[in-house]
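S.K.: Before I ask anything, here is the structure I am working with.
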Amino acid sequence: MTTFGKATALAVALLIGAAAPARTPTASPPLNIHDIAWSVSEAKGRDVQFSYERGHDSFSLDPDRSELAELRAALDRPAGDVAFTVAREAGTLSCRGTLDRPFDGVGTCDFAGDPRFVEALASRHLRPEHRADLLAMALVDANLALIDGLSANGLPARNTGDVIAAAALHLTPEYVGSLASAGLEMKSIDDAIACRALGIDGEYVRGIIAAGYAASTREIIAMKATGVTPEYARKMNAAAGE
């Protein structure tokens with residue numbers, strides 16, 4: 001499952017009240033991880049897949065993202081040896097391998113976590129507990145600006161899982177602010193993750209409020225999840241008043 005898929009699954013679990021399966025934390029997760037496998041296939045959408053520990057943890061990275069031009073250029077080459085790096089605030093992924101053709105190849109990577117980033121997380125009571133957390137944070141480009149921005153908006157992350165989900169879904173402080181400006185008051189980061197996973201935006205919130213419904217996060221999430229549009233909400237409210 002991709003990191004984005006894990007984040008979306010988490011958001012769905014929040015909607016239906018399911019609990020995420022627990023994992024046993026390690027006492028002191030390593031900063032460096034070796035023998036991470038990577039593969040890419042044009043036929044499978046060109047996303048670079050990363051996995052390690054017999055596939056127990058797997059993640060994906062979209063090379064078409066604007067900030068990954070170096071990765072995209074490295075993979076868009078004829079058959080032969082290839083090497084690339086992905087440098088993020090959480091750490092650096094150094095990879096090598098072989099391409100059979102552009103965007104078709106396999107290889108391995110080493111990950112070096114940044115101890116300064118881990119210290120900054122610890123100072124925010126977010127020290128990584130699991131072996132995959134720091135790598136996942138690097139792949140989804142989770143950073144301190146995101147963590148601090150969400151906290152400043154009253155939605156502090158409770159653990160690294162929250163940070164990974166927020167970054168994977170591109171849940172930004174600006175997005176949170178846009179929903180607040182539309183009249184939606186979110187009580188926790190769970191609300192924000194669910195809203196982002198479902199594609200709720202300020203226009204949708206304003207439309208539901210204009211239809212006569214209260215700005216209840218849970219109600220708006222439920223409406224969006226079941227396909228209720230602002231127009232349909234207006235019709236339902238009008239029918240209820242007849």
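How things are named: the first chain in the structure tokens is A, the next is B, and so on; residues count from 1 in each chain; ligands count from 1 in the order shown.
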Could you name the residues that touch Arg206 in chain A at 9 Å or less, counting only C-alpha atoms, but leaving out those on the same chain fewer than 6 positions away, as a list in words?

M.R.: Leu179, Ala182, Gly183, Leu184, Ala215 and Pro230 of chain A

S.K.: May I have the selected residues written with C-alpha atoms, as a PDB file, in the first residue's frame?

M.R.:
ATOM      1  CA  LEU A 179     -11.985  25.987   5.681  1.00  0.00           C
ATOM      2  CA  ALA A 182     -15.622  29.399   5.125  1.00  0.00           C
ATOM      3  CA  GLY A 183     -17.057  28.881   8.613  1.00  0.00           C
ATOM      4  CA  LEU A 184     -15.888  25.372   9.478  1.00  0.00           C
ATOM      5  CA  ALA A 215     -21.160  24.285  10.213  1.00  0.00           C
ATOM      6  CA  PRO A 230     -24.913  21.817  -1.753  1.00  0.00           C
TER       7      PRO A 230
END

S.K.: Which residues, written as a VMD selection string, have at least one atom at most 12 Å from range 56-66 of chain A, with only C-alpha atoms counted and residues fewer than 5 positions away on the same chain left out?

M.R.: chain A and resid 1 to 7 23 36 to 42 44 to 51 71 to 76 84 to 86 93 103 130 to 133 135 to 141 164 168

S.K.: Excluding Cys95 in chain A and its own-chain neighbours fewer than 5 positions away, which residues fall within 8 Å of it when counting only C-alpha atoms? Please give them as a list in words.

M.R.: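 Neighbouring residues, sequence-local ones excluded: Ala83, Phe84, Thr85, Gly107, Thr108, Cys109 and Asp110 of chain A.
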
S.K.: Output N, CA and C atoms for every residue in the selection just made, as a compact mmCIF listing (two decimals), in the first residue's frame.

M.R.:
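So the final result, stored in again.txt, reads:
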# COMPACT_ATOMS: atom_id res chain seq x y z
N ALA A 83 21.49 6.26 -10.90
CA ALA A 83 21.62 6.64 -9.49
C ALA A 83 20.85 7.92 -9.26
N PHE A 84 20.22 8.04 -8.09
CA PHE A 84 19.50 9.26 -7.77
C PHE A 84 19.40 9.40 -6.26
N THR A 85 19.16 10.62 -5.83
CA THR A 85 18.97 10.89 -4.41
C THR A 85 17.69 11.68 -4.22
N GLY A 107 16.24 -1.42 -8.23
CA GLY A 107 17.49 -1.16 -7.55
C GLY A 107 17.32 -1.15 -6.05
N THR A 108 18.31 -0.61 -5.34
CA THR A 108 18.27 -0.54 -3.88
C THR A 108 18.66 0.85 -3.42
N CYS A 109 18.32 1.17 -2.17
CA CYS A 109 18.60 2.48 -1.59
C CYS A 109 19.09 2.33 -0.16
N ASP A 110 19.79 3.37 0.28
CA ASP A 110 20.12 3.54 1.70
C ASP A 110 19.51 4.86 2.15

S.K.: Would you list the contacts of Ser123 in chain A as a PDB file with C-alpha atoms, in the first residue's frame, taking every protein, DNA or RNA residue within 12 Å and counting only C-alpha atoms, but skipping same-chain residues closer than 6 positions in sequence?

M.R.:
ATOM      1  CA  ARG A 116      18.654  17.376  13.815  1.00  0.00           C
ATOM      2  CA  PHE A 117      15.190  16.680  12.441  1.00  0.00           C
ATOM      3  CA  LEU A 144       8.677  21.232  10.612  1.00  0.00           C
ATOM      4  CA  ILE A 147       3.927  20.576  11.904  1.00  0.00           C
ATOM      5  CA  ASP A 148       4.203  24.060  13.381  1.00  0.00           C
TER       6      ASP A 148
END

S.K.: For Pro156 in chain A, which residue out of A:Val118, A:His125, A:Cys195, A:Pro102 is the nearest one, using only C-alpha atoms?

M.R.: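 Between A:Val118, A:His125, A:Cys195, A:Pro102, the residue approaching Pro156 in chain A most closely is A:His125.
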